[in-house]
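Visitor: Next comes the structure file input.tsv, holding TSV, C-alpha atoms.
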chain	number	residue	atom	x	y	z
Y	1	MET	CA	32.79	69.40	8.06
Y	2	MET	CA	30.78	66.45	6.82
Y	3	PHE	CA	32.98	63.85	8.46
Y	4	VAL	CA	32.59	65.47	11.91
Y	5	THR	CA	28.82	65.07	11.59
Y	6	VAL	CA	29.25	61.44	10.58
Y	7	THR	CA	31.63	60.83	13.51
Y	8	ALA	CA	29.16	62.40	15.95
Y	9	CYS	CA	26.37	60.13	14.63
Y	10	LEU	CA	28.63	57.07	15.01
Y	11	VAL	CA	29.49	58.00	18.60
Y	12	ILE	CA	25.77	58.43	19.38
Y	13	LEU	CA	25.19	54.89	18.07
Y	14	ILE	CA	28.13	53.55	20.10
Y	15	GLY	CA	26.74	55.20	23.23
Y	16	LEU	CA	23.24	53.81	22.66
Y	17	TYR	CA	24.68	50.33	22.19
Y	18	GLY	CA	26.59	50.77	25.45
Y	19	ILE	CA	23.46	51.89	27.32
Y	20	VAL	CA	21.51	48.86	26.11
Y	21	THR	CA	24.15	46.17	26.61
Y	22	SER	CA	26.27	47.22	29.60
Y	23	ARG	CA	25.89	45.23	32.79
Y	24	GLN	CA	27.35	47.71	35.25
Y	25	VAL	CA	25.29	50.65	36.45
Y	26	VAL	CA	28.28	53.04	36.36
Y	27	LYS	CA	29.04	52.11	32.76
Y	28	THR	CA	25.45	52.80	31.74
Y	29	ILE	CA	25.63	56.30	33.21
Y	30	LEU	CA	28.96	56.88	31.48
Y	31	CYS	CA	27.55	55.81	28.09
Y	32	MET	CA	24.71	58.31	28.65
Y	33	ASN	CA	27.41	60.94	29.09
Y	34	LEU	CA	29.03	59.79	25.85
Y	35	VAL	CA	25.79	60.33	23.93
Y	36	GLN	CA	25.40	63.78	25.44
Y	37	THR	CA	28.88	64.87	24.33
Y	38	ALA	CA	28.26	63.47	20.85
Y	39	VAL	CA	24.98	65.37	20.52
Y	40	ILE	CA	26.78	68.61	21.36
Y	41	LEU	CA	29.37	67.79	18.71
Y	42	LEU	CA	26.64	67.05	16.15
Y	43	LEU	CA	24.85	70.34	16.67
Y	44	LEU	CA	28.10	72.33	16.61
Y	45	SER	CA	29.18	70.68	13.39
Y	46	LEU	CA	25.82	71.56	11.83
Y	47	ALA	CA	26.08	75.16	13.07
Y	48	SER	CA	29.60	75.62	11.69
Y	49	ARG	CA	28.43	75.22	8.10
Y	50	THR	CA	27.15	78.80	7.93
Y	51	GLY	CA	30.53	80.53	8.20
Y	52	SER	CA	34.21	80.30	8.95
Y	53	ALA	CA	34.92	82.65	11.88
Y	54	ILE	CA	34.35	82.48	15.62
Y	55	PRO	CA	31.25	84.49	16.63
Y	56	ILE	CA	33.01	87.59	17.94
Y	57	ILE	CA	32.52	90.88	16.05
Y	58	GLY	CA	35.75	91.97	14.41
Y	59	MET	CA	37.41	88.55	14.52
Y	60	GLY	CA	38.36	86.85	11.25
Y	61	THR	CA	37.11	87.46	7.75
Y	62	GLY	CA	33.93	86.25	6.11
Y	63	GLY	CA	30.68	85.23	7.79
Y	64	MET	CA	30.70	84.04	11.40
Y	65	VAL	CA	29.18	80.75	12.52
Y	66	ASP	CA	25.72	80.68	14.05
Y	67	PRO	CA	26.13	81.66	17.75
Y	68	LEU	CA	22.70	80.43	18.92
Y	69	PRO	CA	23.49	76.66	19.02
Y	70	GLN	CA	26.71	77.46	20.87
Y	71	ALA	CA	24.78	79.29	23.59
Y	72	MET	CA	22.42	76.33	23.86
Y	73	MET	CA	25.23	73.78	24.05
Y	74	ILE	CA	27.04	75.54	26.87
Y	75	THR	CA	23.85	75.06	28.89
Y	76	ALA	CA	23.68	71.40	27.83
Y	77	ILE	CA	27.18	70.71	29.19
Y	78	VAL	CA	26.24	71.99	32.65
Y	79	ILE	CA	22.94	70.08	32.64
Y	80	GLY	CA	24.79	66.92	31.63
Y	81	ALA	CA	27.15	67.24	34.59
Y	82	SER	CA	24.17	67.66	36.96
Y	83	VAL	CA	22.38	64.61	35.53
Y	84	THR	CA	25.58	62.60	35.92
Y	85	ALA	CA	25.87	63.59	39.58
Y	86	LEU	CA	22.25	62.58	40.23
Y	87	GLY	CA	22.71	59.22	38.50
Y	88	LEU	CA	25.89	58.47	40.44
Y	89	PHE	CA	24.15	59.31	43.73
Y	90	MET	CA	21.36	56.87	42.86
Y	91	SER	CA	23.89	54.18	41.86
Y	92	GLY	CA	25.57	54.55	45.27
Y	93	LYS	CA	22.23	54.08	47.01
Y	94	LEU	CA	21.50	51.03	44.84
Y	95	PHE	CA	24.87	49.54	45.84
Y	96	HIS	CA	24.19	49.93	49.54
Y	97	TYR	CA	20.69	48.44	49.12
Y	98	TYR	CA	21.37	45.46	46.86
Y	99	GLY	CA	25.07	44.93	47.53
Y	100	SER	CA	25.89	44.81	43.83
Y	101	LEU	CA	25.98	47.10	40.84
Y	102	ASP	CA	25.19	44.44	38.26
Y	103	TRP	CA	21.85	45.09	36.52
Y	104	ARG	CA	21.13	41.33	36.43
Y	105	VAL	CA	21.47	41.00	40.21
Y	106	ILE	CA	19.31	44.09	40.82
Y	107	PHE	CA	16.52	42.95	38.46
Y	108	HIS	CA	16.61	39.39	39.77
Y	109	LYS	CA	16.27	40.55	43.39
Y	110	ASP	CA	13.34	42.75	42.44
Y	111	THR	CA	11.32	40.05	40.68
Y	112	PHE	CA	12.19	37.59	43.45
Y	113	GLU	CA	10.72	39.93	46.03
Y	114	ARG	CA	7.48	40.48	44.08
Y	115	THR	CA	6.69	36.80	43.59
Y	116	ASP	CA	7.47	36.06	47.22
G	117	MET	CA	44.78	70.12	1.80
G	118	ASP	CA	44.18	72.44	4.69
G	119	PRO	CA	46.25	71.37	7.76
G	120	LEU	CA	43.32	72.20	10.04
G	121	MET	CA	41.18	69.69	8.13
G	122	ILE	CA	43.84	67.00	8.63
G	123	LEU	CA	43.95	67.80	12.36
G	124	MET	CA	40.17	67.54	12.47
G	125	ALA	CA	40.20	64.15	10.78
G	126	VAL	CA	42.83	62.87	13.23
G	127	LEU	CA	40.74	64.10	16.16
G	128	CYS	CA	37.65	62.38	14.74
G	129	VAL	CA	39.51	59.06	14.57
G	130	ALA	CA	40.79	59.55	18.15
G	131	LEU	CA	37.22	60.29	19.27
G	132	LEU	CA	35.94	57.06	17.75
G	133	ILE	CA	38.79	55.06	19.30
G	134	ALA	CA	38.15	56.56	22.76
G	135	ALA	CA	34.42	55.82	22.49
G	136	LEU	CA	35.06	52.20	21.44
G	137	MET	CA	37.56	51.71	24.27
G	138	THR	CA	34.96	53.04	26.71
G	139	LEU	CA	32.53	50.48	25.32
G	140	ILE	CA	34.76	47.41	25.69
G	141	THR	CA	36.43	48.18	29.05
G	142	GLU	CA	35.00	46.60	32.20
G	143	ASN	CA	37.38	48.09	34.80
G	144	ASN	CA	35.72	51.14	36.36
G	145	PHE	CA	38.82	53.30	36.80
G	146	ARG	CA	40.03	52.68	33.23
G	147	LEU	CA	36.53	53.57	32.04
G	148	ILE	CA	36.83	56.96	33.73
G	149	LEU	CA	40.24	57.62	32.17
G	150	TYR	CA	38.97	56.74	28.68
G	151	PHE	CA	36.03	59.06	29.18
G	152	ALA	CA	38.38	61.90	30.18
G	153	ALA	CA	40.39	61.31	26.99
G	154	PHE	CA	37.14	61.31	25.00
G	155	SER	CA	36.14	64.66	26.51
G	156	LEU	CA	39.54	66.19	25.77
G	157	THR	CA	39.36	65.09	22.13
G	158	ALA	CA	35.82	66.45	21.83
G	159	ALA	CA	37.00	69.77	23.29
G	160	GLY	CA	39.66	69.99	20.58
G	161	LEU	CA	37.00	69.38	17.94
G	162	TYR	CA	34.77	72.11	19.40
G	163	MET	CA	37.72	74.51	19.15
G	164	LEU	CA	38.18	73.65	15.49
G	165	LEU	CA	34.43	74.08	14.89
G	166	TYR	CA	34.73	77.79	15.87
G	167	ALA	CA	33.31	77.39	19.39
G	168	PRO	CA	36.14	78.27	21.82
G	169	ASP	CA	33.83	79.05	24.76
G	170	ILE	CA	32.27	75.58	24.60
G	171	ALA	CA	35.71	74.00	24.38
G	172	LEU	CA	36.66	75.83	27.57
G	173	ALA	CA	33.52	74.67	29.39
G	174	GLU	CA	33.99	71.10	28.13
G	175	ILE	CA	37.57	70.96	29.42
G	176	ALA	CA	36.54	72.32	32.83
G	177	VAL	CA	33.42	70.16	33.23
G	178	GLY	CA	33.82	67.02	31.10
G	179	CYS	CA	37.55	66.57	31.62
G	180	ALA	CA	37.96	67.51	35.28
G	181	PHE	CA	34.69	67.67	37.19
G	182	VAL	CA	32.84	64.65	35.78
G	183	PRO	CA	35.81	62.20	36.16
G	184	LEU	CA	36.25	63.51	39.69
G	185	ILE	CA	32.67	62.72	40.72
G	186	TYR	CA	32.91	59.33	38.97
G	187	THR	CA	36.06	58.55	40.97
G	188	ILE	CA	34.40	59.55	44.25
G	189	ALA	CA	31.31	57.45	43.44
G	190	VAL	CA	33.32	54.36	42.47
G	191	MET	CA	35.44	54.61	45.62
G	192	LYS	CA	32.32	54.86	47.78
G	193	GLN	CA	31.02	51.67	46.20
G	194	THR	CA	33.81	49.60	47.78
G	195	THR	CA	33.07	50.48	51.41
G	196	LEU	CA	30.90	48.65	53.92
G	197	ASN	CA	29.51	51.05	56.53
G	198	VAL	CA	29.33	49.46	59.97
G	199	VAL	CA	27.52	51.19	62.84
G	200	VAL	CA	28.24	49.98	66.38
G	201	ARG	CA	25.50	50.78	68.86
G	202	CYS	CA	27.11	49.26	71.97
G	203	ALA	CA	27.86	51.79	74.67
G	204	GLY	CA	31.43	52.32	75.73
G	205	SER	CA	30.81	52.79	79.48
G	206	GLU	CA	29.99	50.04	81.97
G	207	GLN	CA	26.96	51.84	83.43
G	208	CYS	CA	24.88	51.35	80.30
G	209	ASP	CA	22.70	48.32	79.67
G	210	CYS	CA	24.26	47.31	76.42
G	211	TYR	CA	27.91	47.47	77.49
G	212	MET	CA	30.10	45.07	75.54
G	213	ASN	CA	33.64	44.02	76.30
G	214	PRO	CA	35.88	46.06	73.92
G	215	GLU	CA	38.15	43.09	73.27
G	216	ARG	CA	35.22	41.03	72.10
G	217	LEU	CA	34.06	43.83	69.82
G	218	GLU	CA	37.56	44.11	68.38
G	219	ALA	CA	37.69	40.37	67.69
G	220	PHE	CA	34.32	40.60	65.97
G	221	MET	CA	35.43	43.53	63.85
G	222	GLU	CA	38.48	41.54	62.79
G	223	GLU	CA	36.13	38.80	61.65
G	224	ILE	CA	34.22	41.32	59.52
G	225	GLY	CA	37.52	42.66	58.20
G	226	ARG	CA	38.48	39.17	57.01
G	227	PHE	CA	35.14	38.90	55.19
G	228	CYS	CA	35.70	42.29	53.55
G	229	ASP	CA	39.19	41.30	52.38
G	230	LEU	CA	37.65	38.25	50.71
G	231	TYR	CA	35.24	40.39	48.68
G	232	GLY	CA	37.62	43.29	48.01
G	233	LEU	CA	35.69	45.66	50.25
G	234	GLU	CA	36.77	48.03	52.97
G	235	ALA	CA	34.96	48.09	56.30
G	236	ARG	CA	34.40	51.58	57.61
G	237	LEU	CA	33.34	52.15	61.20
G	238	VAL	CA	30.81	54.96	61.44
G	239	GLY	CA	30.80	56.57	64.85
G	240	GLY	CA	28.62	59.14	66.58
G	241	LEU	CA	25.38	57.78	65.18
G	242	GLU	CA	24.04	56.25	68.41
G	243	GLY	CA	20.31	56.70	68.68
G	244	LYS	CA	19.94	58.33	65.29
G	245	VAL	CA	20.16	55.26	63.09
G	246	THR	CA	17.31	52.90	63.78
G	247	THR	CA	17.18	50.67	60.72
G	248	VAL	CA	19.24	49.60	57.75
G	249	ALA	CA	16.33	49.14	55.35
G	250	GLY	CA	15.15	51.54	52.66
G	251	ILE	CA	16.93	53.09	49.71
G	252	PHE	CA	16.64	56.80	50.47
G	253	ARG	CA	18.01	57.53	53.92
G	254	PRO	CA	20.28	60.31	55.16
G	255	SER	CA	23.19	57.91	55.74
G	256	SER	CA	23.80	54.44	54.37
G	257	PRO	CA	24.73	52.01	57.14
G	258	ASP	CA	25.09	48.44	55.89
G	259	LEU	CA	25.46	46.73	59.26
G	260	LEU	CA	24.19	47.60	62.72
G	261	ILE	CA	25.90	45.85	65.63
G	262	ASP	CA	24.03	45.49	68.95
G	263	TYR	CA	24.85	43.58	72.09
G	264	ASP	CA	22.36	41.60	74.14
G	265	PRO	CA	23.75	41.20	77.70
G	266	VAL	CA	20.98	38.83	78.86
G	267	GLN	CA	21.67	36.13	76.28
G	268	ASP	CA	25.31	37.19	75.78
G	269	LEU	CA	24.83	37.55	72.04
G	270	ILE	CA	26.17	39.97	69.45
G	271	ARG	CA	23.20	40.93	67.34
G	272	VAL	CA	24.02	41.92	63.77
G	273	GLU	CA	21.34	43.63	61.74
G	274	GLY	CA	21.53	43.83	57.96
G	275	ASN	CA	19.33	44.38	54.94
G	276	GLU	CA	18.28	41.00	53.60
G	277	ASN	CA	17.96	42.29	50.02
G	278	ASN	CA	21.69	42.94	49.96
G	279	CYS	CA	23.57	40.01	48.43
G	280	LEU	CA	26.81	40.95	50.21
G	281	ILE	CA	24.99	40.83	53.54
G	282	GLU	CA	23.61	37.42	52.57
G	283	SER	CA	27.15	36.13	52.12
G	284	LEU	CA	28.12	37.73	55.43
G	285	GLU	CA	25.23	35.92	57.13
G	286	ARG	CA	26.48	32.56	55.88
G	287	TRP	CA	29.98	33.54	57.00
G	288	LEU	CA	28.83	34.53	60.50
G	289	ASN	CA	26.68	31.44	61.04
G	290	GLN	CA	29.85	29.47	61.75
G	291	THR	CA	30.84	31.92	64.53
G	292	PRO	CA	29.44	31.20	68.02
G	293	GLY	CA	27.79	33.96	70.02
G	294	VAL	CA	26.56	35.91	67.01
G	295	ALA	CA	22.92	36.21	65.94
G	296	PHE	CA	21.99	37.64	62.56
G	297	VAL	CA	18.78	39.60	62.07
G	298	GLY	CA	17.67	40.27	58.51
G	299	VAL	CA	15.55	43.33	57.87
G	300	GLY	CA	13.51	43.53	54.70
G	301	VAL	CA	11.39	46.29	53.28
G	302	SER	CA	7.83	45.69	52.24
G	303	GLU	CA	6.10	48.33	50.16
G	304	ASN	CA	3.88	49.45	53.07
G	305	GLU	CA	6.85	50.20	55.29
G	306	GLU	CA	8.45	52.19	52.51
G	307	VAL	CA	5.35	54.37	52.23
G	308	GLU	CA	5.25	55.01	55.98
G	309	ALA	CA	8.90	55.98	56.06
Produce structure tokens that represent the structure in this file.
Guide:
Amino acid sequence: MMFVTVTACLVILIGLYGIVTSRQVVKTILCMNLVQTAVILLLLSLASRTGSAIPIIGMGTGGMVDPLPQAMMITAIVIGASVTALGLFMSGKLFHYYGSLDWRVIFHKDTFERTD
Amino acid sequence: MDPLMILMAVLCVALLIAALMTLITENNFRLILYFAAFSLTAAGLYMLLYAPDIALAEIAVGCAFVPLIYTIAVMKQTTLNVVVRCAGSEQCDCYMNPERLEAFMEEIGRFCDLYGLEARLVGGLEGKVTTVAGIFRPSSPDLLIDYDPVQDLIRVEGNENNCLIESLERWLNQTPGVAFVGVGVSENEEVEA
């Protein structure tokens, strides 16, 4: 599954580029989500190299894949959803405080206030 | 070649396309839809990587729950919460003529239409909400409307850091009988709160 690993790495790079360059707060949070999904995909693709059966005893023939990364990743999905909810709550508060969700407006207002 | 490998390659290409579309889209609602498609494709890949339980969790969380909370958050970011603190009965000190209040709210509604916002009247908060400043508060009022019977003025209170409220201030300066009060937050006040 070499090409799945490569795809996961490419999506991580795409997500990092989005985090750095996006101007909307919501889009930044969404790109963070993108990276999180891609990391799960990367670890699963690495774990699936050890066998070719789902990790249930009695299912399939040959060695099963490593079940430990799968148990970790199911936790990571839930944590990612919680982090998303927290970030969206903070973005709503930022909107009601600054009246805009553009990073440039938010940073400009902040520096303006400090020099004042 | 194994048909499962071909399916996997197709899903990988779809994943890359969905991620790139997420990167170049600026519309918030389209962004959410592309992310849901991305999650669905990733769930298919998990299934092919011998992890059916993670595919199930990804479909439930990444494809349904996360787009739902994104939609709720984006919809909340187009509302302007207005709190009216004038009393409705004539015995109170700050009684304001309801027709005048309605005319004033229409004025705010015209401003909101200009900026693509939606004005929402928050009721039942009399006495609880004292200020509009500060980021972390239990509720997020953007405008407080008071009435001063001595000077016959409608007093509008807004956070002066908010650039929408700044535009509203310029808009209201042309209206007679309305005074705008800007409230800012210094760091000391934030600590006390």
Visitor: Find the spatial neighbours of Ser52 in chain Y, counting all atoms listed in the file, within a cut-off of 12 Å - ignore same-chain residues fewer than 2 positions away - and output them as an mmCIF file with C-alpha atoms, in the coordinates of the input.
Guide:
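So the final result, stored in around-v8.cif, reads:
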data_model
loop_
_atom_site.group_PDB
_atom_site.id
_atom_site.type_symbol
_atom_site.label_atom_id
_atom_site.label_comp_id
_atom_site.auth_asym_id
_atom_site.auth_seq_id
_atom_site.Cartn_x
_atom_site.Cartn_y
_atom_site.Cartn_z
ATOM 1 C CA MET Y 1 32.790 69.400 8.060
ATOM 2 C CA SER Y 45 29.180 70.680 13.390
ATOM 3 C CA ALA Y 47 26.080 75.160 13.070
ATOM 4 C CA SER Y 48 29.600 75.620 11.690
ATOM 5 C CA ARG Y 49 28.430 75.220 8.100
ATOM 6 C CA THR Y 50 27.150 78.800 7.930
ATOM 7 C CA ILE Y 54 34.350 82.480 15.620
ATOM 8 C CA PRO Y 55 31.250 84.490 16.630
ATOM 9 C CA ILE Y 56 33.010 87.590 17.940
ATOM 10 C CA MET Y 59 37.410 88.550 14.520
ATOM 11 C CA GLY Y 60 38.360 86.850 11.250
ATOM 12 C CA THR Y 61 37.110 87.460 7.750
ATOM 13 C CA GLY Y 62 33.930 86.250 6.110
ATOM 14 C CA GLY Y 63 30.680 85.230 7.790
ATOM 15 C CA MET Y 64 30.700 84.040 11.400
ATOM 16 C CA VAL Y 65 29.180 80.750 12.520
ATOM 17 C CA ASP Y 66 25.720 80.680 14.050
ATOM 18 C CA LEU G 164 38.180 73.650 15.490
ATOM 19 C CA LEU G 165 34.430 74.080 14.890
ATOM 20 C CA TYR G 166 34.730 77.790 15.870
ATOM 21 C CA ALA G 167 33.310 77.390 19.390
#
Visitor: Tell me, counting all atoms listed in the file, for each residue of chain G within 9 Å of chain Y, which pair of atoms is nearest and how far apart they are in Å to one decimal, in rows ordered by chain and increasing number, as CSV.
Guide:
residue,atom,partner,partner_atom,distance
G:Met121,CA,Y:Met1,CA,8.4
G:Met124,CA,Y:Val4,CA,7.9
G:Ala125,CA,Y:Phe3,CA,7.6
G:Cys128,CA,Y:Thr7,CA,6.3
G:Val129,CA,Y:Thr7,CA,8.1
G:Leu131,CA,Y:Thr7,CA,8.0
G:Leu132,CA,Y:Val11,CA,6.6
G:Ala135,CA,Y:Val11,CA,6.6
G:Leu136,CA,Y:Ile14,CA,7.2
G:Thr138,CA,Y:Cys31,CA,8.0
G:Leu139,CA,Y:Gly18,CA,5.9
G:Ile140,CA,Y:Gly18,CA,8.8
G:Glu142,CA,Y:Lys27,CA,8.1
G:Asn144,CA,Y:Lys27,CA,7.7
G:Leu147,CA,Y:Lys27,CA,7.7
G:Ile148,CA,Y:Leu30,CA,8.2
G:Phe151,CA,Y:Leu30,CA,7.7
G:Phe154,CA,Y:Leu34,CA,8.3
G:Ser155,CA,Y:Thr37,CA,7.6
G:Ala158,CA,Y:Leu41,CA,7.3
G:Leu161,CA,Y:Leu41,CA,7.8
G:Tyr162,CA,Y:Leu41,CA,6.9
G:Leu165,CA,Y:Ser48,CA,6.0
G:Tyr166,CA,Y:Ile54,CA,4.7
G:Ala167,CA,Y:Ile54,CA,6.4
G:Pro168,CA,Y:Ile54,CA,7.7
G:Asp169,CA,Y:Ile74,CA,7.9
G:Ile170,CA,Y:Ile74,CA,5.7
G:Ala173,CA,Y:Ile74,CA,7.0
G:Glu174,CA,Y:Ile77,CA,6.9
G:Val177,CA,Y:Ala81,CA,7.0
G:Gly178,CA,Y:Ala81,CA,7.5
G:Phe181,CA,Y:Ala81,CA,8.0
G:Val182,CA,Y:Ala81,CA,6.4
G:Ile185,CA,Y:Ala85,CA,6.9
G:Tyr186,CA,Y:Leu88,CA,7.2
G:Ala189,CA,Y:Leu88,CA,6.3
G:Val190,CA,Y:Val26,CA,8.0
G:Lys192,CA,Y:Gly92,CA,7.2
G:Gln193,CA,Y:Gly92,CA,6.2
G:Leu196,CA,Y:His96,CA,8.1
G:Asn197,CA,Y:His96,CA,8.9
G:Val248,CA,Y:Tyr97,CA,8.8
G:Ala249,CA,Y:Tyr97,CA,7.6
G:Gly250,CA,Y:Tyr97,CA,7.3
G:Ile251,CA,Y:Tyr97,CA,6.0
G:Phe252,CA,Y:Lys93,CA,7.1
G:Arg253,CA,Y:Lys93,CA,8.8
G:Ser256,CA,Y:His96,CA,6.6
G:Pro257,CA,Y:His96,CA,7.9
G:Asp258,CA,Y:His96,CA,6.6
G:Asn275,CA,Y:Tyr97,CA,7.2
G:Glu276,CA,Y:Tyr98,CA,8.7
G:Asn277,CA,Y:Tyr98,CA,5.6
G:Asn278,CA,Y:Tyr98,CA,4.0
G:Cys279,CA,Y:Gly99,CA,5.2
G:Leu280,CA,Y:Gly99,CA,5.1
G:Ile281,CA,Y:Gly99,CA,7.3
G:Ser302,CA,Y:Glu113,CA,8.9
Visitor: At what distance in Å, to one decimal, does CA of Phe145 in chain G lie from CA of Met191 in chain G?
Guide: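 These two atoms are separated by 9.5 Å.
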Visitor: By how many Å are CA of Leu123 in chain G and CA of Met137 in chain G apart?
Guide: 21.0 Å
Visitor: To one decimal in Å, tell me the separation between CA of Ala295 in chain G and CA of Val200 in chain G.
Guide: 14.8 Å
Visitor: Can you tell me, as a list of chain:residue names, what residues are no more than 9 Å from Val294 in chain G when counting all atoms listed in the file, ignoring any on the same chain fewer than 6 positions away?
Guide: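 Those residues are G:Asp268, G:Leu269, G:Ile270, G:Arg271, G:Val272, G:Leu288.
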Visitor: Can I get a file of range 172-186 of chain G from the given structure, N, CA and C atoms kept, as a PDB file, in the first residue's frame?
Guide:
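Saved file decode-v7.pdb follows:
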ATOM      1  N   LEU G 172     -16.208   3.006  10.329  1.00  0.00           N
ATOM      2  CA  LEU G 172     -17.528   3.285  10.919  1.00  0.00           C
ATOM      3  C   LEU G 172     -17.497   4.574  11.738  1.00  0.00           C
ATOM      4  N   ALA G 173     -16.467   4.702  12.603  1.00  0.00           N
ATOM      5  CA  ALA G 173     -16.367   5.902  13.439  1.00  0.00           C
ATOM      6  C   ALA G 173     -16.144   7.145  12.578  1.00  0.00           C
ATOM      7  N   GLU G 174     -15.356   7.006  11.505  1.00  0.00           N
ATOM      8  CA  GLU G 174     -15.076   8.163  10.654  1.00  0.00           C
ATOM      9  C   GLU G 174     -16.341   8.620   9.937  1.00  0.00           C
ATOM     10  N   ILE G 175     -17.170   7.675   9.494  1.00  0.00           N
ATOM     11  CA  ILE G 175     -18.411   8.064   8.827  1.00  0.00           C
ATOM     12  C   ILE G 175     -19.331   8.774   9.814  1.00  0.00           C
ATOM     13  N   ALA G 176     -19.424   8.249  11.044  1.00  0.00           N
ATOM     14  CA  ALA G 176     -20.338   8.849  12.015  1.00  0.00           C
ATOM     15  C   ALA G 176     -19.843  10.219  12.452  1.00  0.00           C
ATOM     16  N   VAL G 177     -18.529  10.352  12.707  1.00  0.00           N
ATOM     17  CA  VAL G 177     -18.006  11.597  13.268  1.00  0.00           C
ATOM     18  C   VAL G 177     -17.603  12.578  12.164  1.00  0.00           C
ATOM     19  N   GLY G 178     -16.716  12.136  11.259  1.00  0.00           N
ATOM     20  CA  GLY G 178     -16.154  13.075  10.283  1.00  0.00           C
ATOM     21  C   GLY G 178     -17.115  13.455   9.194  1.00  0.00           C
ATOM     22  N   CYS G 179     -18.107  12.590   8.917  1.00  0.00           N
ATOM     23  CA  CYS G 179     -18.992  12.828   7.786  1.00  0.00           C
ATOM     24  C   CYS G 179     -20.323  13.417   8.216  1.00  0.00           C
ATOM     25  N   ALA G 180     -20.717  13.241   9.468  1.00  0.00           N
ATOM     26  CA  ALA G 180     -22.012  13.743   9.915  1.00  0.00           C
ATOM     27  C   ALA G 180     -21.868  14.776  11.017  1.00  0.00           C
ATOM     28  N   PHE G 181     -21.122  14.447  12.064  1.00  0.00           N
ATOM     29  CA  PHE G 181     -21.100  15.326  13.241  1.00  0.00           C
ATOM     30  C   PHE G 181     -20.286  16.592  12.989  1.00  0.00           C
ATOM     31  N   VAL G 182     -19.086  16.435  12.424  1.00  0.00           N
ATOM     32  CA  VAL G 182     -18.217  17.605  12.231  1.00  0.00           C
ATOM     33  C   VAL G 182     -18.809  18.601  11.222  1.00  0.00           C
ATOM     34  N   PRO G 183     -19.339  18.161  10.036  1.00  0.00           N
ATOM     35  CA  PRO G 183     -20.012  19.134   9.173  1.00  0.00           C
ATOM     36  C   PRO G 183     -21.206  19.798   9.833  1.00  0.00           C
ATOM     37  N   LEU G 184     -21.894  19.068  10.713  1.00  0.00           N
ATOM     38  CA  LEU G 184     -23.034  19.669  11.407  1.00  0.00           C
ATOM     39  C   LEU G 184     -22.589  20.819  12.304  1.00  0.00           C
ATOM     40  N   ILE G 185     -21.518  20.594  13.100  1.00  0.00           N
ATOM     41  CA  ILE G 185     -21.110  21.687  13.995  1.00  0.00           C
ATOM     42  C   ILE G 185     -20.482  22.828  13.197  1.00  0.00           C
ATOM     43  N   TYR G 186     -19.847  22.521  12.045  1.00  0.00           N
ATOM     44  CA  TYR G 186     -19.350  23.610  11.196  1.00  0.00           C
ATOM     45  C   TYR G 186     -20.510  24.442  10.676  1.00  0.00           C
TER      46      TYR G 186
END
